[in-house]
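Below is one structure; the comments refer to it alone.
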Amino acid sequence: MDPREELKELIVQAREHLLYFSELGLTSIGERSAPVEAESKVEAQASPVAPEPRPQESPASTIIPPPQFVPKPTITMPTKKENTAETSLFDEPSLFGETVAPMAGLQSVNETLEDIRRDLGDCRRCKLWSTRTNIVFGEGNPKAELMFIGEGPGADEDATGRPFVGRAGQLLTKMIEAIDLKREDVYIANVVKSRPPGNRTPESDEVKACIPFLFRQIAAIRPKLIVALGNPAMQALLDTKIGITKMRGHFQDYPRMPEIKVMPTFHPAYLLRSPDKKREAWEDLKKVRAFLRGEIAPE
Ligand code: SF4
C-alpha cells in the first residue's frame, strides 16, 4: 500500500478508537474495564455474600468492542507444521490435531508386522471387503530404511495379494533400482489394503477404516523415509489437502513420528500416463538417495 494511504488509514482507525473511549466516558486511555471485572470475580470467590453491583460495570459489559485493526493477509508457502495441521482430508477435525497423541491409534509400540497382519485378519471393516479377492497387506524388509506407499491395490495386486506387481509396479521396481536399492531392501504398502472397484480413489470412510493399520506398520518398521506415491497417499499420510504438484520434491515430517521424513512424488501409474513427468520424479528420487546416504538433510 502507498505509505500516504497507510498513514491515512491509521489516522482513521486512531480516531475511531478515541471516539470509542470517549463514548465510554474515559478521560485517559490508561483506564481499562477488565481489572474491574477481575476484581469482582476475586471478591465473589472470597466472600460468601454476593457483592453489590458496581455502577460503572453495566455500561462496559454491554458495549461492543472497538473495531480492530486487521492487517491485510499475506500469501506465504505452507510450512511443514501447517501442512500437517491446517486441513484434513476428511473435512473433519484434523486426524493429527493437537488433541491426538503422536502415537495414538497404535496397539503396542513393540508389535511386529505379523502381529498387525494377525489383527487385520479377514478384514471387513469397510465396504471394500465385498469386492476384493485378496487383502494386500504389504511386503518387503521389516527393518527397511525406506518405505513406498501408494493409495491402494489394483487388479494385479488384488489377484496376487502382493503390492505393486502390475505395470506400475514394474516401473516402481525400476525406480527403486535407479537409486541403487533392490525391491527387497524396501517396504511397499498402500493406504487401503483391499482394491477399490475399478481402481477408483479410496473414499474417506475406507481410508479412515484402513489407515490405522498402515500407521501401525510404519511404527513397527520405523523407516528413515517414506516415499508417498501420488496425491491420495500423500494427503492421507500428511493429513493435508494440498496437492502433489505443490508438495512433490519437498521433504515433510511424518506427523505421527516427526523423526520420519516423507518425500511426496508422482505415482508410477501417473508416470506411465504422463512420461514427461518422469524427469521430475527422478529429481525427487535423487533427493531420496542423497538423504539415505547422509549427503543432504531435509530442507
Ligand atoms: S480396505 Fe482395509 S479396512 Fe477396508 S476391508 Fe480392506 S483391509 Fe479392511
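Residues in the C-alpha cells are named by chain (A, B, ... in the order shown) and by number from 1 within that chain; ligands are numbered from 1 in the order shown.
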
Using only C-alpha atoms and all ligand atoms, what table do you get, as a Markdown table, when you list each residue of chain A with an atom no more than 7 Å from ligand 1, its nearest pair of atoms, and their distance in Å rounded to one decimal, rows by chain then rising number?
```
| residue | atom | partner | partner_atom_place_in_ligand_line | distance |
| --- | --- | --- | --- | --- |
| A:Leu120 | CA | ligand 1 | 7 (S) | 6.7 |
| A:Cys123 | CA | ligand 1 | 8 (Fe) | 4.2 |
| A:Arg124 | CA | ligand 1 | 5 (S) | 4.3 |
| A:Arg125 | CA | ligand 1 | 3 (S) | 4.4 |
| A:Cys126 | CA | ligand 1 | 4 (Fe) | 4.0 |
| A:Lys127 | CA | ligand 1 | 5 (S) | 6.0 |
| A:Leu128 | CA | ligand 1 | 5 (S) | 4.9 |
| A:Trp129 | CA | ligand 1 | 5 (S) | 4.1 |
| A:Ile135 | CA | ligand 1 | 7 (S) | 6.1 |
| A:Val192 | CA | ligand 1 | 1 (S) | 4.5 |
| A:Lys193 | CA | ligand 1 | 1 (S) | 4.6 |
| A:Ser194 | CA | ligand 1 | 6 (Fe) | 4.0 |
| A:Glu206 | CA | ligand 1 | 4 (Fe) | 5.6 |
| A:Ala209 | CA | ligand 1 | 3 (S) | 4.7 |
| A:Cys210 | CA | ligand 1 | 3 (S) | 3.8 |
```

Checklist entry - Residues at most 8 Å from A:Tyr270, counting only C-alpha atoms, excluding those fewer than 4 positions away in the same chain, as a PyMOL selection string? => result chain A and resi 230+266+274

Item to check | Residue contacts of stretch 214-224 of chain A (6 Å, only C-alpha atoms) excluding same-chain residues fewer than 3 positions away, as an MDAnalysis selection string | outcome: chainID A and resid 106 112 142:146 211 260

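Running DSSP on the backbone gives strand (DSSP E) for these residues within stretch 184-219 of chain A: Tyr187, Ile188, Ala189 and Asn190 of chain A.
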
Same residues, N, CA and C atoms, saved as a short mmCIF file (atom, residue, chain, number, x, y, z; two decimals), in the first residue's frame:
```cif
data_model
loop_
_atom_site.label_atom_id
_atom_site.label_comp_id
_atom_site.auth_asym_id
_atom_site.auth_seq_id
_atom_site.Cartn_x
_atom_site.Cartn_y
_atom_site.Cartn_z
N TYR A 187 10.26 -51.45 1.95
CA TYR A 187 8.94 -52.00 2.28
C TYR A 187 7.90 -51.24 1.47
N ILE A 188 6.96 -51.99 0.87
CA ILE A 188 5.97 -51.39 -0.02
C ILE A 188 4.57 -51.69 0.52
N ALA A 189 3.75 -50.67 0.63
CA ALA A 189 2.39 -50.87 1.15
C ALA A 189 1.47 -49.82 0.53
N ASN A 190 0.20 -49.90 0.91
CA ASN A 190 -0.80 -48.96 0.42
C ASN A 190 -1.63 -48.42 1.58
#
```

Next on the checklist: Residues near stretch 153-158 of chain A, anyone? I mean within 10 Å using only C-alpha atoms, not counting same-chain ones fewer than 2 positions away, as a PyMOL selection string.
Outcome noted: chain A and resi 131-138+150-151+160-169+189-200

Output N, CA and C atoms for every residue in the selection just made, as a JSON list (two decimals), in the first residue's frame.
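This went into result25.json:
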```
[["chain", "number", "residue", "atom", "x", "y", "z"],
["A", 131, "THR", "N", -15.73, -56.63, -2.52],
["A", 131, "THR", "CA", -15.35, -56.75, -3.93],
["A", 131, "THR", "C", -13.90, -57.22, -4.12],
["A", 132, "ARG", "N", -13.18, -57.38, -3.04],
["A", 132, "ARG", "CA", -11.77, -57.77, -3.21],
["A", 132, "ARG", "C", -11.63, -59.28, -3.37],
["A", 133, "THR", "N", -10.47, -59.66, -3.92],
["A", 133, "THR", "CA", -10.13, -61.08, -3.97],
["A", 133, "THR", "C", -9.17, -61.39, -2.82],
["A", 134, "ASN", "N", -8.11, -60.57, -2.72],
["A", 134, "ASN", "CA", -7.11, -60.77, -1.66],
["A", 134, "ASN", "C", -6.83, -59.46, -0.95],
["A", 135, "ILE", "N", -6.57, -59.54, 0.33],
["A", 135, "ILE", "CA", -6.02, -58.40, 1.05],
["A", 135, "ILE", "C", -4.57, -58.23, 0.62],
["A", 136, "VAL", "N", -4.18, -56.99, 0.36],
["A", 136, "VAL", "CA", -2.78, -56.72, 0.00],
["A", 136, "VAL", "C", -2.16, -55.99, 1.19],
["A", 137, "PHE", "N", -1.52, -56.74, 2.06],
["A", 137, "PHE", "CA", -1.04, -56.17, 3.32],
["A", 137, "PHE", "C", 0.19, -55.29, 3.13],
["A", 138, "GLY", "N", 1.09, -55.74, 2.26],
["A", 138, "GLY", "CA", 2.38, -55.04, 2.08],
["A", 138, "GLY", "C", 3.48, -56.07, 2.15],
["A", 150, "GLY", "N", 1.56, -46.37, -1.66],
["A", 150, "GLY", "CA", 0.61, -45.95, -2.68],
["A", 150, "GLY", "C", -0.78, -45.86, -2.09],
["A", 151, "GLU", "N", -1.77, -45.63, -2.97],
["A", 151, "GLU", "CA", -3.12, -45.43, -2.44],
["A", 151, "GLU", "C", -3.89, -46.73, -2.22],
["A", 160, "THR", "N", -3.09, -61.22, -6.84],
["A", 160, "THR", "CA", -1.93, -61.93, -6.27],
["A", 160, "THR", "C", -1.77, -61.72, -4.76],
["A", 161, "GLY", "N", -2.37, -60.67, -4.23],
["A", 161, "GLY", "CA", -2.19, -60.34, -2.80],
["A", 161, "GLY", "C", -0.87, -59.64, -2.53],
["A", 162, "ARG", "N", -0.19, -59.18, -3.60],
["A", 162, "ARG", "CA", 1.11, -58.50, -3.44],
["A", 162, "ARG", "C", 1.01, -57.06, -3.97],
["A", 163, "PRO", "N", 1.71, -56.11, -3.31],
["A", 163, "PRO", "CA", 1.61, -54.71, -3.75],
["A", 163, "PRO", "C", 2.49, -54.43, -4.96],
["A", 164, "PHE", "N", 2.03, -53.56, -5.83],
["A", 164, "PHE", "CA", 2.82, -53.03, -6.95],
["A", 164, "PHE", "C", 3.49, -54.14, -7.77],
["A", 165, "VAL", "N", 2.64, -54.99, -8.36],
["A", 165, "VAL", "CA", 3.18, -56.05, -9.23],
["A", 165, "VAL", "C", 2.74, -55.88, -10.68],
["A", 166, "GLY", "N", 1.83, -54.96, -10.97],
["A", 166, "GLY", "CA", 1.40, -54.73, -12.35],
["A", 166, "GLY", "C", 2.39, -53.84, -13.08],
["A", 167, "ARG", "N", 1.92, -53.18, -14.13],
["A", 167, "ARG", "CA", 2.82, -52.33, -14.92],
["A", 167, "ARG", "C", 3.40, -51.20, -14.07],
["A", 168, "ALA", "N", 2.54, -50.60, -13.24],
["A", 168, "ALA", "CA", 3.02, -49.53, -12.37],
["A", 168, "ALA", "C", 4.04, -50.07, -11.37],
["A", 169, "GLY", "N", 3.80, -51.30, -10.93],
["A", 169, "GLY", "CA", 4.73, -51.93, -10.00],
["A", 169, "GLY", "C", 6.09, -52.19, -10.64],
["A", 189, "ALA", "N", 3.75, -50.67, 0.63],
["A", 189, "ALA", "CA", 2.39, -50.87, 1.15],
["A", 189, "ALA", "C", 1.47, -49.82, 0.53],
["A", 190, "ASN", "N", 0.20, -49.90, 0.91],
["A", 190, "ASN", "CA", -0.80, -48.96, 0.42],
["A", 190, "ASN", "C", -1.63, -48.42, 1.58],
["A", 191, "VAL", "N", -2.34, -47.33, 1.30],
["A", 191, "VAL", "CA", -3.21, -46.74, 2.32],
["A", 191, "VAL", "C", -4.39, -47.66, 2.61],
["A", 192, "VAL", "N", -5.02, -48.21, 1.56],
["A", 192, "VAL", "CA", -6.07, -49.22, 1.78],
["A", 192, "VAL", "C", -5.57, -50.56, 1.25],
["A", 193, "LYS", "N", -6.01, -51.62, 1.92],
["A", 193, "LYS", "CA", -5.44, -52.95, 1.63],
["A", 193, "LYS", "C", -6.38, -53.83, 0.81],
["A", 194, "SER", "N", -7.52, -53.30, 0.45],
["A", 194, "SER", "CA", -8.42, -54.01, -0.46],
["A", 194, "SER", "C", -8.63, -53.12, -1.68],
["A", 195, "ARG", "N", -8.78, -53.74, -2.85],
["A", 195, "ARG", "CA", -8.86, -52.97, -4.09],
["A", 195, "ARG", "C", -10.18, -52.19, -4.20],
["A", 196, "PRO", "N", -10.10, -50.89, -4.41],
["A", 196, "PRO", "CA", -11.33, -50.15, -4.72],
["A", 196, "PRO", "C", -11.83, -50.57, -6.11],
["A", 197, "PRO", "N", -13.13, -50.80, -6.28],
["A", 197, "PRO", "CA", -13.65, -51.26, -7.57],
["A", 197, "PRO", "C", -13.27, -50.31, -8.69],
["A", 198, "GLY", "N", -12.84, -50.89, -9.82],
["A", 198, "GLY", "CA", -12.49, -50.07, -10.98],
["A", 198, "GLY", "C", -11.28, -49.18, -10.75],
["A", 199, "ASN", "N", -10.49, -49.49, -9.74],
["A", 199, "ASN", "CA", -9.31, -48.69, -9.39],
["A", 199, "ASN", "C", -9.65, -47.24, -9.05],
["A", 200, "ARG", "N", -10.85, -47.01, -8.55],
["A", 200, "ARG", "CA", -11.18, -45.63, -8.15],
["A", 200, "ARG", "C", -10.36, -45.25, -6.92]]
```

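The smallest atom-to-atom distance between A:Thr245 and any of A:Ala281, A:Ile226, A:Lys261, A:Glu111, using only C-alpha atoms, is found for A:Ala281.
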
Next on the checklist: Please determine, counting only C-alpha atoms, which residue among A:Pro258, A:Gly152, A:Pro202, A:Pro232 has the shortest atom-to-atom distance to A:Pro298.
Outcome noted: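 Among the listed residues, the smallest separation from A:Pro298 belongs to A:Pro258.
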
Can you tell me, as a PDB file with N, CA, C and O atoms, in the first residue's frame, what residues are no more than 7 Å from A:Ile179 when counting only C-alpha atoms, ignoring any on the same chain fewer than 5 positions away?
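File produced: result_13.pdb:
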```
ATOM      1  N   LEU A 285      13.646 -38.645  -6.609  1.00  0.00           N
ATOM      2  CA  LEU A 285      14.341 -39.869  -6.198  1.00  0.00           C
ATOM      3  C   LEU A 285      15.817 -39.614  -5.918  1.00  0.00           C
ATOM      4  O   LEU A 285      16.409 -40.243  -5.041  1.00  0.00           O
ATOM      5  N   LYS A 286      16.398 -38.696  -6.629  1.00  0.00           N
ATOM      6  CA  LYS A 286      17.812 -38.374  -6.355  1.00  0.00           C
ATOM      7  C   LYS A 286      17.943 -37.775  -4.946  1.00  0.00           C
ATOM      8  O   LYS A 286      18.915 -38.047  -4.236  1.00  0.00           O
ATOM      9  N   ARG A 289      17.791 -40.662  -2.504  1.00  0.00           N
ATOM     10  CA  ARG A 289      19.077 -41.375  -2.437  1.00  0.00           C
ATOM     11  C   ARG A 289      20.099 -40.566  -1.632  1.00  0.00           C
ATOM     12  O   ARG A 289      20.783 -41.110  -0.758  1.00  0.00           O
TER      13      ARG A 289
END
```

Next on the checklist: as a count of residues only, please: the residues near A:Ile176 (cut-off 10 Å, only C-alpha atoms, same-chain neighbours under 4 positions excluded).
Outcome noted: 14

Checklist entry - What separation in Å, quoted to one decimal, exists between atom CA of A:Ala228 and atom CA of A:Thr265? => result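 Distance between the two atoms: 6.2 Å.
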
Checklist entry - From the set A:Glu114, A:Glu280, A:Asp119, A:Glu177, which residue has the shortest atom-to-atom contact distance to A:His267, counting only C-alpha atoms? => result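 The closest residue to A:His267 is A:Glu280.
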
Next on the checklist: To test your reading of the structure, identify every residue in stretch 94-205 of chain A that backbone DSSP assigns to alpha helix (DSSP H), and report it as number ranges by chain.
Outcome noted: A: 113-120, 155-160, 167-178, 204-205

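Taking atom CA of A:Gly249 and atom CA of A:Leu113 as the two end points, the separation is 29.0 Å.
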
Item to check | Residue nearest A:Lys246 among A:Ala233, A:Glu139, A:Asp284, A:Pro264 (counting only C-alpha atoms) | outcome: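 Residue with the minimum atom-to-atom distance to A:Lys246: A:Pro264.
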